[in-house]
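With TSV, C-alpha atoms inside, this is run11.tsv:
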chain	number	residue	atom	x	y	z
A	164	MET	CA	-6.93	4.71	-32.47
A	165	ASP	CA	-6.30	1.12	-31.55
A	166	VAL	CA	-7.18	0.32	-27.91
A	167	HIS	CA	-4.25	-2.06	-27.54
A	168	ARG	CA	-1.74	0.55	-28.68
A	169	LEU	CA	-3.29	3.06	-26.28
A	170	GLU	CA	-2.80	0.51	-23.51
A	171	LEU	CA	0.90	0.24	-24.40
A	172	LEU	CA	1.23	4.02	-24.06
A	173	ARG	CA	-0.47	3.84	-20.70
A	174	GLU	CA	1.91	1.09	-19.60
A	175	LEU	CA	4.83	3.28	-20.67
A	176	ALA	CA	3.48	6.12	-18.53
A	177	GLU	CA	3.16	3.73	-15.57
A	178	ARG	CA	6.39	1.77	-15.94
A	179	GLY	CA	8.76	4.39	-17.30
A	180	SER	CA	10.62	2.40	-19.97
A	181	ILE	CA	9.91	0.42	-23.13
A	182	THR	CA	11.90	-2.50	-21.73
A	183	ALA	CA	9.62	-2.66	-18.67
A	184	VAL	CA	6.53	-2.46	-20.90
A	185	ALA	CA	7.84	-5.27	-23.11
A	186	LEU	CA	8.52	-7.47	-20.07
A	187	ALA	CA	5.09	-6.79	-18.54
A	188	THR	CA	3.17	-7.42	-21.77
A	189	ASN	CA	5.20	-10.42	-23.02
A	190	ARG	CA	6.34	-8.56	-26.14
A	191	THR	CA	9.76	-7.77	-27.54
A	192	VAL	CA	11.18	-4.28	-27.12
A	193	SER	CA	11.11	-3.91	-30.90
A	194	ALA	CA	7.42	-4.83	-31.08
A	195	VAL	CA	6.50	-2.30	-28.39
A	196	SER	CA	8.52	0.43	-30.10
A	197	GLN	CA	6.86	-0.29	-33.46
A	198	GLN	CA	3.35	-0.16	-31.99
A	199	LEU	CA	4.11	3.14	-30.25
A	200	LYS	CA	5.42	4.58	-33.53
A	201	VAL	CA	2.18	3.55	-35.26
A	202	LEU	CA	0.19	5.22	-32.46
A	203	GLU	CA	2.29	8.37	-32.84
A	204	ARG	CA	1.53	8.48	-36.58
A	205	GLU	CA	-2.18	8.05	-35.82
A	206	ALA	CA	-2.04	10.86	-33.24
A	207	GLY	CA	-0.14	13.19	-35.59
A	208	LEU	CA	2.00	14.53	-32.72
A	209	PRO	CA	5.19	13.34	-30.95
A	210	LEU	CA	4.20	11.24	-27.95
A	211	THR	CA	7.70	10.51	-26.60
A	212	GLU	CA	11.04	12.26	-26.50
A	213	ARG	CA	14.58	11.31	-25.55
A	214	SER	CA	15.74	11.88	-21.96
A	215	GLY	CA	19.26	10.66	-21.30
A	216	ARG	CA	19.42	7.04	-22.37
A	217	GLY	CA	15.67	6.54	-22.12
A	218	ILE	CA	12.47	8.22	-23.25
A	219	VAL	CA	9.74	10.17	-21.49
A	220	LEU	CA	6.26	11.15	-22.58
A	221	THR	CA	5.66	14.55	-24.13
A	222	GLY	CA	2.73	16.68	-23.01
A	223	ALA	CA	0.65	15.15	-25.79
A	224	GLY	CA	1.81	11.70	-24.73
A	225	ARG	CA	0.77	12.28	-21.12
A	226	MET	CA	-2.63	13.54	-22.24
A	227	LEU	CA	-3.17	10.52	-24.50
A	228	ALA	CA	-1.98	8.16	-21.73
A	229	GLN	CA	-4.68	9.64	-19.47
A	230	THR	CA	-7.17	9.09	-22.28
A	231	ALA	CA	-5.99	5.48	-22.43
A	232	THR	CA	-6.74	5.19	-18.72
A	233	ASP	CA	-10.21	6.63	-19.28
A	234	VAL	CA	-10.81	4.13	-22.08
A	235	ALA	CA	-9.63	1.25	-19.88
A	236	ILE	CA	-11.96	2.34	-17.08
A	237	ALA	CA	-14.90	2.57	-19.47
A	238	LEU	CA	-14.16	-0.88	-20.89
A	239	GLU	CA	-13.82	-2.45	-17.44
A	240	ARG	CA	-17.01	-0.73	-16.30
A	241	ALA	CA	-18.91	-2.04	-19.32
A	242	ASP	CA	-17.46	-5.50	-18.76
A	243	ALA	CA	-18.40	-5.33	-15.07
A	244	VAL	CA	-21.99	-4.39	-15.87
A	245	TRP	CA	-22.25	-7.30	-18.28
A	246	LYS	CA	-20.65	-9.77	-15.87
A	247	GLU	CA	-22.95	-8.67	-13.07
A	248	PHE	CA	-25.86	-9.25	-15.41
A	249	THR	CA	-24.74	-12.70	-16.53
A	250	LEU	CA	-22.36	-14.03	-13.89
A	251	SER	CA	-21.43	-13.91	-10.25
A	252	PRO	CA	-17.94	-12.48	-9.59
A	253	ARG	CA	-15.35	-15.10	-10.47
A	254	GLY	CA	-11.78	-15.66	-11.54
A	255	GLU	CA	-8.48	-14.73	-9.92
A	256	VAL	CA	-7.78	-11.60	-7.89
A	257	THR	CA	-4.16	-10.84	-7.00
A	258	LEU	CA	-3.39	-8.96	-3.79
A	259	THR	CA	-0.16	-7.93	-2.11
A	260	THR	CA	0.42	-6.36	1.29
A	261	PHE	CA	3.01	-5.18	3.79
A	262	PRO	CA	3.64	-7.82	6.50
A	263	THR	CA	1.65	-6.48	9.47
A	264	GLY	CA	-1.24	-5.60	7.17
A	265	GLY	CA	-1.32	-9.23	6.08
A	266	GLN	CA	-1.10	-10.38	9.69
A	267	MET	CA	-4.20	-8.34	10.56
A	268	LEU	CA	-6.33	-8.77	7.47
A	269	LEU	CA	-5.48	-11.92	5.52
A	270	PRO	CA	-6.85	-14.58	7.92
A	271	GLY	CA	-10.33	-13.04	7.89
A	272	LEU	CA	-10.17	-12.16	4.21
A	273	LEU	CA	-9.19	-15.68	3.15
A	274	ASP	CA	-12.05	-17.05	5.26
A	275	ALA	CA	-14.51	-14.70	3.53
A	276	VAL	CA	-13.25	-15.42	0.01
A	277	ALA	CA	-13.26	-19.18	0.60
A	278	GLU	CA	-17.05	-19.02	0.74
A	279	ILE	CA	-17.35	-17.45	-2.74
A	280	PRO	CA	-17.65	-20.01	-5.57
A	281	ASP	CA	-15.28	-19.66	-8.54
A	282	LEU	CA	-13.30	-16.80	-6.97
A	283	THR	CA	-9.60	-17.34	-6.18
A	284	LEU	CA	-7.55	-14.87	-4.16
A	285	ILE	CA	-3.79	-15.05	-4.75
A	286	ALA	CA	-2.13	-13.13	-1.91
A	287	SER	CA	1.51	-12.25	-1.28
A	288	ASP	CA	3.56	-9.99	0.97
A	289	GLN	CA	6.22	-7.42	0.20
A	290	ASP	CA	9.34	-6.03	1.81
A	291	PRO	CA	8.06	-3.13	3.94
A	292	LEU	CA	11.12	-1.14	2.82
A	293	HIS	CA	9.66	-0.90	-0.71
A	294	PRO	CA	9.94	2.83	-1.48
A	295	ASP	CA	6.37	3.30	-2.76
A	296	PHE	CA	3.73	0.57	-2.71
A	297	ALA	CA	1.91	2.44	-5.49
A	298	ASP	CA	4.65	1.10	-7.80
A	299	LEU	CA	3.10	-2.35	-7.34
A	300	THR	CA	-0.34	-1.47	-8.73
A	301	PRO	CA	0.54	-2.34	-12.34
A	302	ASP	CA	1.30	-5.92	-11.26
A	303	PHE	CA	-1.43	-6.61	-8.65
A	304	ASP	CA	-5.18	-6.03	-8.62
A	305	ILE	CA	-5.12	-4.80	-4.99
A	306	VAL	CA	-2.17	-3.39	-3.06
A	307	ILE	CA	-2.55	-2.89	0.71
A	308	ALA	CA	-0.37	0.00	1.85
A	309	ASP	CA	0.17	2.00	5.01
A	310	ALA	CA	1.04	5.68	5.21
A	311	PRO	CA	0.34	8.73	7.39
A	312	GLY	CA	-2.52	9.59	5.00
A	313	LEU	CA	-3.32	9.91	1.30
A	314	MET	CA	0.07	10.15	-0.43
A	315	PRO	CA	0.73	12.64	-3.26
A	316	SER	CA	2.07	9.86	-5.51
A	317	TRP	CA	-1.28	8.04	-5.21
A	318	ARG	CA	-3.11	11.14	-6.46
A	319	GLU	CA	-0.60	11.73	-9.25
A	320	ARG	CA	-1.08	8.19	-10.55
A	321	GLY	CA	-4.88	8.54	-10.50
A	322	LEU	CA	-5.22	5.43	-8.33
A	323	THR	CA	-8.45	4.33	-6.70
A	324	VAL	CA	-7.79	4.45	-2.94
A	325	VAL	CA	-10.14	2.73	-0.49
A	326	LYS	CA	-9.38	3.51	3.14
A	327	LEU	CA	-9.59	0.38	5.29
A	328	MET	CA	-8.73	1.66	8.77
A	329	ASP	CA	-6.70	4.01	10.93
A	330	GLU	CA	-4.39	2.07	13.26
A	331	PRO	CA	-2.98	3.87	16.32
A	332	LEU	CA	0.75	3.63	16.99
A	333	ASP	CA	1.47	3.09	20.70
A	334	ILE	CA	4.46	3.15	23.01
A	335	ALA	CA	5.56	-0.39	23.87
A	336	LEU	CA	7.12	-0.92	27.30
A	337	PRO	CA	8.35	-3.87	29.33
A	338	GLU	CA	6.03	-4.89	32.14
A	339	GLY	CA	7.15	-3.25	35.35
A	340	HIS	CA	8.57	-0.17	33.61
A	341	PRO	CA	7.81	2.97	35.65
A	342	LEU	CA	5.92	4.53	32.71
A	343	ALA	CA	3.63	1.49	32.50
A	344	ALA	CA	1.74	2.85	35.52
A	345	LYS	CA	0.42	5.72	33.37
A	346	ALA	CA	-2.73	5.37	31.24
A	347	SER	CA	-1.13	7.44	28.42
A	348	LEU	CA	2.25	9.00	27.78
A	349	SER	CA	3.26	12.53	26.78
A	350	ALA	CA	6.38	13.73	25.00
A	351	LYS	CA	7.94	14.90	28.28
A	352	ASP	CA	7.49	11.41	29.75
A	353	LEU	CA	9.74	10.04	27.01
A	354	VAL	CA	12.87	12.14	27.55
A	355	ASP	CA	16.04	10.23	28.50
A	356	VAL	CA	14.75	6.79	27.48
A	357	THR	CA	16.46	4.31	25.19
A	358	TRP	CA	14.52	3.41	22.05
A	359	ILE	CA	14.47	0.29	19.94
A	360	GLY	CA	14.00	2.03	16.62
A	361	VAL	CA	13.07	1.19	13.06
A	362	PRO	CA	14.84	2.06	9.78
A	363	LEU	CA	15.06	5.77	9.05
A	364	GLY	CA	12.02	7.15	7.25
A	365	PHE	CA	9.53	4.58	8.56
A	366	PRO	CA	6.27	6.03	9.94
A	367	TYR	CA	7.31	5.05	13.47
A	368	ASP	CA	10.59	6.93	13.06
A	369	ARG	CA	8.61	10.00	11.94
A	370	ILE	CA	6.95	10.03	15.37
A	371	LEU	CA	10.35	9.97	17.07
A	372	ARG	CA	11.29	13.06	15.06
A	373	GLN	CA	8.12	14.78	16.32
A	374	LEU	CA	9.00	13.89	19.91
A	375	GLU	CA	12.46	15.39	19.42
A	376	ALA	CA	10.93	18.58	18.01
A	377	ILE	CA	8.61	18.94	21.01
A	378	THR	CA	11.16	18.17	23.74
A	379	GLY	CA	14.27	19.58	22.07
A	380	VAL	CA	16.12	16.44	23.18
A	381	PRO	CA	17.58	14.00	20.62
A	382	ALA	CA	16.20	10.48	20.91
A	383	THR	CA	18.66	7.83	22.06
A	384	ILE	CA	18.40	4.87	19.68
A	385	GLY	CA	19.89	1.69	21.11
A	386	GLN	CA	19.19	-0.51	18.09
A	387	ARG	CA	17.18	-0.37	14.86
A	388	PHE	CA	15.23	-3.32	13.44
A	389	LEU	CA	12.80	-3.85	10.60
A	390	ASP	CA	10.99	-6.85	12.08
A	391	ASN	CA	8.39	-5.96	14.71
A	392	GLY	CA	8.78	-9.35	16.36
A	393	ILE	CA	12.43	-8.60	17.17
A	394	VAL	CA	11.48	-5.15	18.47
A	395	GLU	CA	8.79	-6.68	20.72
A	396	ALA	CA	11.25	-9.27	22.10
A	397	LEU	CA	13.85	-6.62	22.93
A	398	VAL	CA	11.31	-4.33	24.57
A	399	ALA	CA	9.87	-7.18	26.63
A	400	THR	CA	13.34	-8.06	27.93
A	401	GLY	CA	14.15	-4.49	28.98
A	402	HIS	CA	16.50	-3.34	26.22
A	403	GLY	CA	14.47	-0.22	25.44
A	404	ILE	CA	11.00	1.04	24.54
A	405	ALA	CA	9.52	1.35	21.07
A	406	ILE	CA	6.73	2.69	18.86
A	407	LEU	CA	4.61	-0.18	17.53
A	408	PRO	CA	1.21	-0.59	15.82
A	409	ARG	CA	-1.60	-1.26	18.29
A	410	PHE	CA	-3.56	-3.99	16.53
A	411	THR	CA	-0.64	-6.33	15.81
A	412	THR	CA	1.38	-5.83	19.00
A	413	ARG	CA	1.04	-8.19	21.94
A	414	ASP	CA	-0.25	-6.56	25.13
A	415	HIS	CA	0.19	-8.10	28.59
A	416	GLU	CA	1.83	-11.12	27.00
A	417	ASN	CA	5.45	-12.21	27.25
A	418	GLY	CA	6.35	-9.19	29.35
A	419	LEU	CA	5.21	-6.37	27.07
A	420	VAL	CA	2.56	-3.65	27.53
A	421	THR	CA	1.49	-0.72	25.33
A	422	ARG	CA	0.33	2.80	26.15
A	423	PRO	CA	-1.19	5.46	23.83
A	424	LEU	CA	0.78	8.60	23.05
A	425	ALA	CA	-0.95	11.88	23.95
A	426	GLY	CA	-0.44	15.20	22.18
A	427	ILE	CA	0.93	13.78	18.92
A	428	ARG	CA	-1.01	12.35	15.98
A	429	SER	CA	0.34	8.81	16.05
A	430	THR	CA	-1.62	6.74	13.57
A	431	ARG	CA	-1.09	5.07	10.23
A	432	GLN	CA	-3.76	4.84	7.54
A	433	ILE	CA	-4.14	1.45	5.90
A	434	SER	CA	-5.61	1.57	2.40
A	435	ALA	CA	-6.28	-0.59	-0.64
A	436	LEU	CA	-4.69	0.85	-3.80
A	437	MET	CA	-5.88	-0.12	-7.29
A	438	ARG	CA	-5.67	0.96	-10.86
A	439	PRO	CA	-9.06	2.55	-11.52
A	440	ASP	CA	-9.97	0.13	-14.31
A	441	ARG	CA	-9.20	-2.91	-12.17
A	442	ALA	CA	-11.27	-1.39	-9.36
A	443	GLU	CA	-14.31	-1.77	-11.65
A	444	ARG	CA	-14.02	-5.56	-11.89
A	445	PRO	CA	-16.81	-7.29	-9.92
A	446	SER	CA	-14.38	-9.77	-8.38
A	447	VAL	CA	-12.03	-7.00	-7.23
A	448	ARG	CA	-14.91	-4.96	-5.82
A	449	LEU	CA	-16.11	-8.01	-3.91
A	450	VAL	CA	-12.67	-8.62	-2.37
A	451	VAL	CA	-12.35	-4.94	-1.41
A	452	ARG	CA	-15.76	-5.04	0.30
A	453	ALA	CA	-14.61	-8.11	2.21
A	454	LEU	CA	-11.40	-6.28	3.16
A	455	GLN	CA	-13.42	-3.35	4.50
A	456	GLU	CA	-15.54	-5.69	6.63
A	457	VAL	CA	-12.49	-7.51	8.00
A	458	ALA	CA	-10.71	-4.22	8.78
A	459	SER	CA	-13.80	-2.91	10.53
A	460	GLY	CA	-13.92	-6.06	12.63
A	461	VAL	CA	-10.25	-5.80	13.58
A	462	ALA	CA	-10.68	-2.16	14.63
A	463	ALA	CA	-13.81	-2.95	16.65
A	464	GLN	CA	-12.03	-5.81	18.41
A	465	HIS	CA	-9.35	-3.42	19.67
A	466	GLN	CA	-11.58	-0.53	20.73
A	467	GLY	CA	-11.02	0.48	24.31

Serialized structure, structure tokens:
Amino acid sequence: MDVHRLELLRELAERGSITAVALATNRTVSAVSQQLKVLEREAGLPLTERSGRGIVLTGAGRMLAQTATDVAIALERADAVWKEFTLSPRGEVTLTTFPTGGQMLLPGLLDAVAEIPDLTLIASDQDPLHPDFADLTPDFDIVIADAPGLMPSWRERGLTVVKLMDEPLDIALPEGHPLAAKASLSAKDLVDVTWIGVPLGFPYDRILRQLEAITGVPATIGQRFLDNGIVEALVATGHGIAILPRFTTRDHENGLVTRPLAGIRSTRQISALMRPDRAERPSVRLVVRALQEVASGVAAQHQG
């Protein structure tokens, strides 16, 4: 079977439609359809079937798409071995991140990559409301994502996941708030307070739901904002308290302090997500190692 046609089947499994595959591979829809039909004749079994107005992979199609992934990994691994033998890592690596992840990690990462000859890092940020950052892995070499832990969709896609750090989520208070006198806060301390919340479904909002379950008292949400900077400003000026990430939240500056939350697991895991074949590229591996070192430094800086 032709490797390029196998790659088109893999792209269809990843992207979900022939139109999306055509757009991603700079082909026409007709050309993609023709190549997939040739691959189906070579396989001797139906690889796709109609579902509504679109198509989905059959069982045989899913199996062959996984084989295409295995082939891509093997090719990238062979290419990586050869490049390591003949060349230092070079070329472009594309990376995208959620905003506070970029705030923490990109300054140090760009410093580290700047010292590597012939390697260019092209970084961008994404709307944190993106439903699943794993959806971005077909279009970027490295995707930095945050979640409570390893997400089922990451496993289902067969992604390479490199954990970078666990970041605690703290309670942010205005200086002078009565609760600021405590070293840590429990669920019962946080009854009858006004919260500056985040959009429903965000990891921080999940912690509010846990607090409600423990206390049996609904949380009072004064306002909801996506931007942490707005949340910090409102907390600092006494409009409520909030749940914010420890490493990117000001402490004892501009009227805001933070306190850890006791009795509830309040952390987010920050990870680098990659297609497994791209994870084999020497340049990508080098950037991921640099990311791990930067993340370790950020975590160490905030210990205690």

Write out as a ChimeraX atom specification which residues come within 9 Å of range 180-191 of chain A when counting only C-alpha atoms, dropping same-chain ones fewer than 3 positions away.
/A:171-172,174-177,194-196,217-219,301-302

May I ask which of the residues A:Ser446, A:Ser429, A:Thr257, A:Thr400 is the closest one to Leu282 in chain A, counting all atoms listed in the file?
A:Ser446

Here is a test: counting all atoms listed in the file, which residue of A:Leu374, A:Ala463, A:Leu292, A:Val447 is nearest to Asp352 in chain A?
A:Leu374

A:Leu436, A:Met226, A:Val192, A:Val166 ranked by distance to Val325 in chain A, top pick (using all atoms listed in the file):
A:Leu436

Just checking: using all atoms listed in the file, which residue out of A:Thr221, A:Thr283, A:Thr232, A:Gln266 ends up closest to Arg253 in chain A?
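Looking only at the distances to Arg253 in chain A, the closest residue turns out to be A:Thr283.
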
Pick from A:Ala310, A:Ile359, A:Leu268, A:Ile279: nearest to Pro294 in chain A, with only C-alpha atoms counted?
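Result for the nearest residue to Pro294 in chain A: A:Ala310.
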
For Arg448 in chain A, which residue out of A:Ile285, A:Val380, A:Ala206, A:Ile305 is the nearest one, using only C-alpha atoms?
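Result for the nearest residue to Arg448 in chain A: A:Ile305.
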
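For Leu220 in chain A, the list of residues within 10 Å, based on only C-alpha atoms and with local chain neighbours fewer than 2 positions off taken out, reads A:Leu172, A:Leu175, A:Ala176, A:Gly179, A:Pro209, A:Leu210, A:Thr211, A:Glu212, A:Arg213, A:Ser214, A:Ile218, A:Gly222, A:Ala223, A:Gly224, A:Arg225, A:Met226, A:Leu227, A:Ala228.
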